[in-house]
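Here's the structure, in structure tokens; my notes come after.
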Amino acid sequence: MTVPVIAVAPLVHGREDSAARQVAAQIDGACRELGFFVVAGHGVPEQLRGDLDAAAREFFALPDTTKADIAMPRAGLAWRGWFPVGGELTSGRPDLKEGIYFGAEHGPTHQGVQAGRPLHGANLFPEHPPQLRRLVLAYLDALTALGQQVLEGIALGLGLPRGWFADNLTRDPVALFRIFHYPPSEPAADDWGVGEHTDYGLLTLLGQAGNAGLQVRSGDGWVDVPPDPDTFVCNLGDMLERLTGGRYLSTPHRVRNVSGAERLSYPFFLDPSWEATVDRLPIVERPPDDDAAAATRWDHASVHGFTGTYGDYLTEKVAKVFPELASGAGSG
Ligand code: OGA
Ligand code: NI
């Protein structure tokens with residue numbers, strides 16, 4: 001089993017022809033079979049990706065005491081900023097990684113900030129390197145656009161109108177971006193850069209900057225995702241599995257960096273609007289077996305069972321990975 005590579009240029013260029021439909025059919029196949037595919041032909045400038053990688057490396061090379069100037073607790077409920085190695089948990093266990101959390105830049109008058117919603121607010125940018133601010137904001141814009149284009153392909157593949165996601169779920173999407181730095185793992189140690197998990201939202205576009213270590217679940221085994229600096233790894237989150245009644249897979253994945261070198265990665269998450277409720281699509285004929293779905297899932301929680309808005313779902317998930325930041329979080 002390998003992760004299929006899909007050249008999405010016809011979607012990026014807004015084409016409505018047989019080339020776009022062919023891409024949509026390829027995406028549909030990958031979403032049913034593996035829940036993972038590699039996005040080529042995406043049009044995100046190499047210069048932007050390269051400059052961001054260089055700036056991120058500069059930041060992570062700083063001493064922890066300097067990086068702590070933008071430590072996550074300083075952003076409060078906005079849940080942004082830097083966390084040290086071991087500061088994030090997966091299934092209750094600390095990950096061997098440090099990172100910076102970013103999101104769409106919200107000023108004080110943004111309605112989500114005014115309403116006191118978690119995960120809304122201004123980003124924390126470091127003093128050094130100063131260009132990180134500009135690069136992260138440009139990258140958020142570029143990846144939000146690409147994510148919406150991939151969602152157009154997913155809509156077409158599901159037999160929905162092309163603009164279905166933007167019209168129904170992602171008019172004001174929750175867009176989250178992280179930069180992770182995984183120090184090398186000792187080959188004999190029993191540790192994970194990120195333990196097995198699924199992503200929460202609609203889709204993730206992961207830049208790996210040529211660094212190996214990502215593995216995807218396939219049946220009883222794990223498939224290595226080859227690193228390639230020119231493509232993004234796209235995987236579906238829980239909300240697509242829920243929408244499609246399990247036809248599309250939110251596939252578990254994990255990271256262990258045994259390359260002997262530093263590993264940087266750039267996951268970008270395009271999620272439903274905060275206020276959206278994510279209901280099963282009418283095209284799903286047979287509702288999923290909720291208990292069976294939960295029993296086999298990594299966290300024993302079914303994606304089909306919850307009620308509420310996407311914001312509620314996300315808040316509950318993030319509270320698990322950063323328990324000390326969660327006290328005081330309401331659903332806003
Ligand atoms: C994630 C994730 C993989 C990576 O952030 O959800 O799976 O390579 N990241 O950092
Ligand atoms: Ni993930």
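Labeling convention for the structure tokens: chains A, B, ... as they appear, residues from 1 per chain, ligands from 1 in order of appearance.
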Neighbourhood of ligand 1 at 7 Å, counting only C-alpha atoms and all ligand atoms, reported as a ChimeraX atom specification: /A:180,194,198-199,206,208,214,253-255,265-267
Restricting it to N, CA and C atoms, dump the selection as an mmCIF file, in the first residue's frame.
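This went into out36.cif:
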data_model
loop_
_atom_site.group_PDB
_atom_site.id
_atom_site.type_symbol
_atom_site.label_atom_id
_atom_site.label_comp_id
_atom_site.auth_asym_id
_atom_site.auth_seq_id
_atom_site.Cartn_x
_atom_site.Cartn_y
_atom_site.Cartn_z
ATOM 1 N N PHE A 180 5.995 22.250 13.977
ATOM 2 C CA PHE A 180 6.532 21.338 14.973
ATOM 3 C C PHE A 180 8.013 21.083 14.721
ATOM 4 N N VAL A 194 4.595 12.180 17.848
ATOM 5 C CA VAL A 194 3.153 12.311 18.075
ATOM 6 C C VAL A 194 2.613 10.899 18.106
ATOM 7 N N THR A 198 -6.221 10.808 15.308
ATOM 8 C CA THR A 198 -6.812 11.335 14.076
ATOM 9 C C THR A 198 -6.934 12.844 14.229
ATOM 10 N N ASP A 199 -7.104 13.547 13.108
ATOM 11 C CA ASP A 199 -7.267 14.994 13.164
ATOM 12 C C ASP A 199 -8.756 15.316 13.292
ATOM 13 N N LEU A 206 -0.283 18.818 5.194
ATOM 14 C CA LEU A 206 0.963 18.753 5.968
ATOM 15 C C LEU A 206 2.170 18.955 5.062
ATOM 16 N N GLN A 208 6.076 18.564 4.925
ATOM 17 C CA GLN A 208 7.079 17.806 5.693
ATOM 18 C C GLN A 208 8.491 18.312 5.452
ATOM 19 N N LEU A 214 6.562 10.265 9.341
ATOM 20 C CA LEU A 214 5.105 10.119 9.429
ATOM 21 C C LEU A 214 4.685 8.723 8.979
ATOM 22 N N HIS A 253 -2.793 8.281 12.419
ATOM 23 C CA HIS A 253 -1.407 8.434 11.982
ATOM 24 C C HIS A 253 -0.556 8.805 13.190
ATOM 25 N N ARG A 254 0.751 8.737 13.026
ATOM 26 C CA ARG A 254 1.670 8.987 14.141
ATOM 27 C C ARG A 254 3.026 9.373 13.566
ATOM 28 N N VAL A 255 3.878 9.910 14.436
ATOM 29 C CA VAL A 255 5.205 10.341 13.980
ATOM 30 C C VAL A 255 6.257 9.834 14.951
ATOM 31 N N SER A 265 7.986 20.011 10.800
ATOM 32 C CA SER A 265 6.793 19.736 10.004
ATOM 33 C C SER A 265 5.828 20.899 10.143
ATOM 34 N N TYR A 266 4.898 20.991 9.158
ATOM 35 C CA TYR A 266 4.040 22.167 8.997
ATOM 36 C C TYR A 266 2.594 21.749 8.755
ATOM 37 N N PRO A 267 1.907 21.248 9.775
ATOM 38 C CA PRO A 267 0.510 20.879 9.561
ATOM 39 C C PRO A 267 -0.431 22.091 9.569
#
For the interface of chain A with ligand 2 (cut-off 12 Å, counting only C-alpha atoms and all ligand atoms), please tabulate each contacting residue of chain A alongside its nearest pair of atoms and their separation in Å to one decimal, rows sorted by chain and increasing number, as JSON lines.
{"residue": "A:Gly35", "atom": "CA", "partner": "ligand 2", "partner_atom_place_in_ligand_line": "1 (Ni)", "distance": 11.9}
{"residue": "A:Phe36", "atom": "CA", "partner": "ligand 2", "partner_atom_place_in_ligand_line": "1 (Ni)", "distance": 11.1}
{"residue": "A:Thr90", "atom": "CA", "partner": "ligand 2", "partner_atom_place_in_ligand_line": "1 (Ni)", "distance": 10.4}
{"residue": "A:Phe177", "atom": "CA", "partner": "ligand 2", "partner_atom_place_in_ligand_line": "1 (Ni)", "distance": 11.6}
{"residue": "A:Arg178", "atom": "CA", "partner": "ligand 2", "partner_atom_place_in_ligand_line": "1 (Ni)", "distance": 10.7}
{"residue": "A:Phe180", "atom": "CA", "partner": "ligand 2", "partner_atom_place_in_ligand_line": "1 (Ni)", "distance": 11.5}
{"residue": "A:Gly193", "atom": "CA", "partner": "ligand 2", "partner_atom_place_in_ligand_line": "1 (Ni)", "distance": 11.1}
{"residue": "A:Val194", "atom": "CA", "partner": "ligand 2", "partner_atom_place_in_ligand_line": "1 (Ni)", "distance": 8.0}
{"residue": "A:Gly195", "atom": "CA", "partner": "ligand 2", "partner_atom_place_in_ligand_line": "1 (Ni)", "distance": 9.2}
{"residue": "A:Glu196", "atom": "CA", "partner": "ligand 2", "partner_atom_place_in_ligand_line": "1 (Ni)", "distance": 8.3}
{"residue": "A:His197", "atom": "CA", "partner": "ligand 2", "partner_atom_place_in_ligand_line": "1 (Ni)", "distance": 6.3}
{"residue": "A:Thr198", "atom": "CA", "partner": "ligand 2", "partner_atom_place_in_ligand_line": "1 (Ni)", "distance": 5.6}
{"residue": "A:Asp199", "atom": "CA", "partner": "ligand 2", "partner_atom_place_in_ligand_line": "1 (Ni)", "distance": 4.8}
{"residue": "A:Tyr200", "atom": "CA", "partner": "ligand 2", "partner_atom_place_in_ligand_line": "1 (Ni)", "distance": 8.4}
{"residue": "A:Gly201", "atom": "CA", "partner": "ligand 2", "partner_atom_place_in_ligand_line": "1 (Ni)", "distance": 10.3}
{"residue": "A:Leu202", "atom": "CA", "partner": "ligand 2", "partner_atom_place_in_ligand_line": "1 (Ni)", "distance": 11.7}
{"residue": "A:Leu203", "atom": "CA", "partner": "ligand 2", "partner_atom_place_in_ligand_line": "1 (Ni)", "distance": 9.8}
{"residue": "A:Thr204", "atom": "CA", "partner": "ligand 2", "partner_atom_place_in_ligand_line": "1 (Ni)", "distance": 7.5}
{"residue": "A:Leu205", "atom": "CA", "partner": "ligand 2", "partner_atom_place_in_ligand_line": "1 (Ni)", "distance": 9.7}
{"residue": "A:Leu206", "atom": "CA", "partner": "ligand 2", "partner_atom_place_in_ligand_line": "1 (Ni)", "distance": 8.7}
{"residue": "A:Gly207", "atom": "CA", "partner": "ligand 2", "partner_atom_place_in_ligand_line": "1 (Ni)", "distance": 11.9}
{"residue": "A:Leu214", "atom": "CA", "partner": "ligand 2", "partner_atom_place_in_ligand_line": "1 (Ni)", "distance": 9.4}
{"residue": "A:Gln215", "atom": "CA", "partner": "ligand 2", "partner_atom_place_in_ligand_line": "1 (Ni)", "distance": 10.2}
{"residue": "A:Val216", "atom": "CA", "partner": "ligand 2", "partner_atom_place_in_ligand_line": "1 (Ni)", "distance": 9.7}
{"residue": "A:Arg217", "atom": "CA", "partner": "ligand 2", "partner_atom_place_in_ligand_line": "1 (Ni)", "distance": 11.7}
{"residue": "A:Val233", "atom": "CA", "partner": "ligand 2", "partner_atom_place_in_ligand_line": "1 (Ni)", "distance": 10.6}
{"residue": "A:Cys234", "atom": "CA", "partner": "ligand 2", "partner_atom_place_in_ligand_line": "1 (Ni)", "distance": 10.1}
{"residue": "A:Asn235", "atom": "CA", "partner": "ligand 2", "partner_atom_place_in_ligand_line": "1 (Ni)", "distance": 8.2}
{"residue": "A:Leu236", "atom": "CA", "partner": "ligand 2", "partner_atom_place_in_ligand_line": "1 (Ni)", "distance": 9.4}
{"residue": "A:Gly237", "atom": "CA", "partner": "ligand 2", "partner_atom_place_in_ligand_line": "1 (Ni)", "distance": 8.4}
{"residue": "A:Asp238", "atom": "CA", "partner": "ligand 2", "partner_atom_place_in_ligand_line": "1 (Ni)", "distance": 10.8}
{"residue": "A:Ser250", "atom": "CA", "partner": "ligand 2", "partner_atom_place_in_ligand_line": "1 (Ni)", "distance": 9.8}
{"residue": "A:Thr251", "atom": "CA", "partner": "ligand 2", "partner_atom_place_in_ligand_line": "1 (Ni)", "distance": 9.0}
{"residue": "A:Pro252", "atom": "CA", "partner": "ligand 2", "partner_atom_place_in_ligand_line": "1 (Ni)", "distance": 7.6}
{"residue": "A:His253", "atom": "CA", "partner": "ligand 2", "partner_atom_place_in_ligand_line": "1 (Ni)", "distance": 6.3}
{"residue": "A:Arg254", "atom": "CA", "partner": "ligand 2", "partner_atom_place_in_ligand_line": "1 (Ni)", "distance": 7.1}
{"residue": "A:Val255", "atom": "CA", "partner": "ligand 2", "partner_atom_place_in_ligand_line": "1 (Ni)", "distance": 8.8}
{"residue": "A:Ser265", "atom": "CA", "partner": "ligand 2", "partner_atom_place_in_ligand_line": "1 (Ni)", "distance": 11.0}
{"residue": "A:Tyr266", "atom": "CA", "partner": "ligand 2", "partner_atom_place_in_ligand_line": "1 (Ni)", "distance": 10.7}
{"residue": "A:Pro267", "atom": "CA", "partner": "ligand 2", "partner_atom_place_in_ligand_line": "1 (Ni)", "distance": 7.7}
{"residue": "A:Phe268", "atom": "CA", "partner": "ligand 2", "partner_atom_place_in_ligand_line": "1 (Ni)", "distance": 9.7}
{"residue": "A:Phe269", "atom": "CA", "partner": "ligand 2", "partner_atom_place_in_ligand_line": "1 (Ni)", "distance": 9.2}
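For stretch 37-47 of chain A, the residues within 9 Å (counting only C-alpha atoms, excluding itself and residues fewer than 4 positions away along the chain) are Val3, Pro4, Val5, Ile6, Ala7, Val8, Ala9, Pro10, Leu11, Val12, Ile27, Ala30, Cys31, Asp51, Leu52, Tyr139, Ala142, Leu143, Leu146, Val150, Leu205, Asp230, Thr231, Phe232, Val233, Cys234 and Asn235 of chain A.
Residue nearest A:Glu33, chosen from A:Met1, A:Ala68, A:Ala54, A:Leu89 and counting only C-alpha atoms: A:Met1.
Each of A:Ala188, A:Leu243, A:Leu270, A:Val23 was checked against A:Asp172 using only C-alpha atoms; the smallest atom-to-atom distance is that of A:Leu270.
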Which polymer residues have any atom within 9 Å of an atom of A:Arg280, counting only C-alpha atoms, with same-chain residues fewer than 5 positions away left out, as an MDAnalysis selection string? chainID A and resid 242:245 287 304
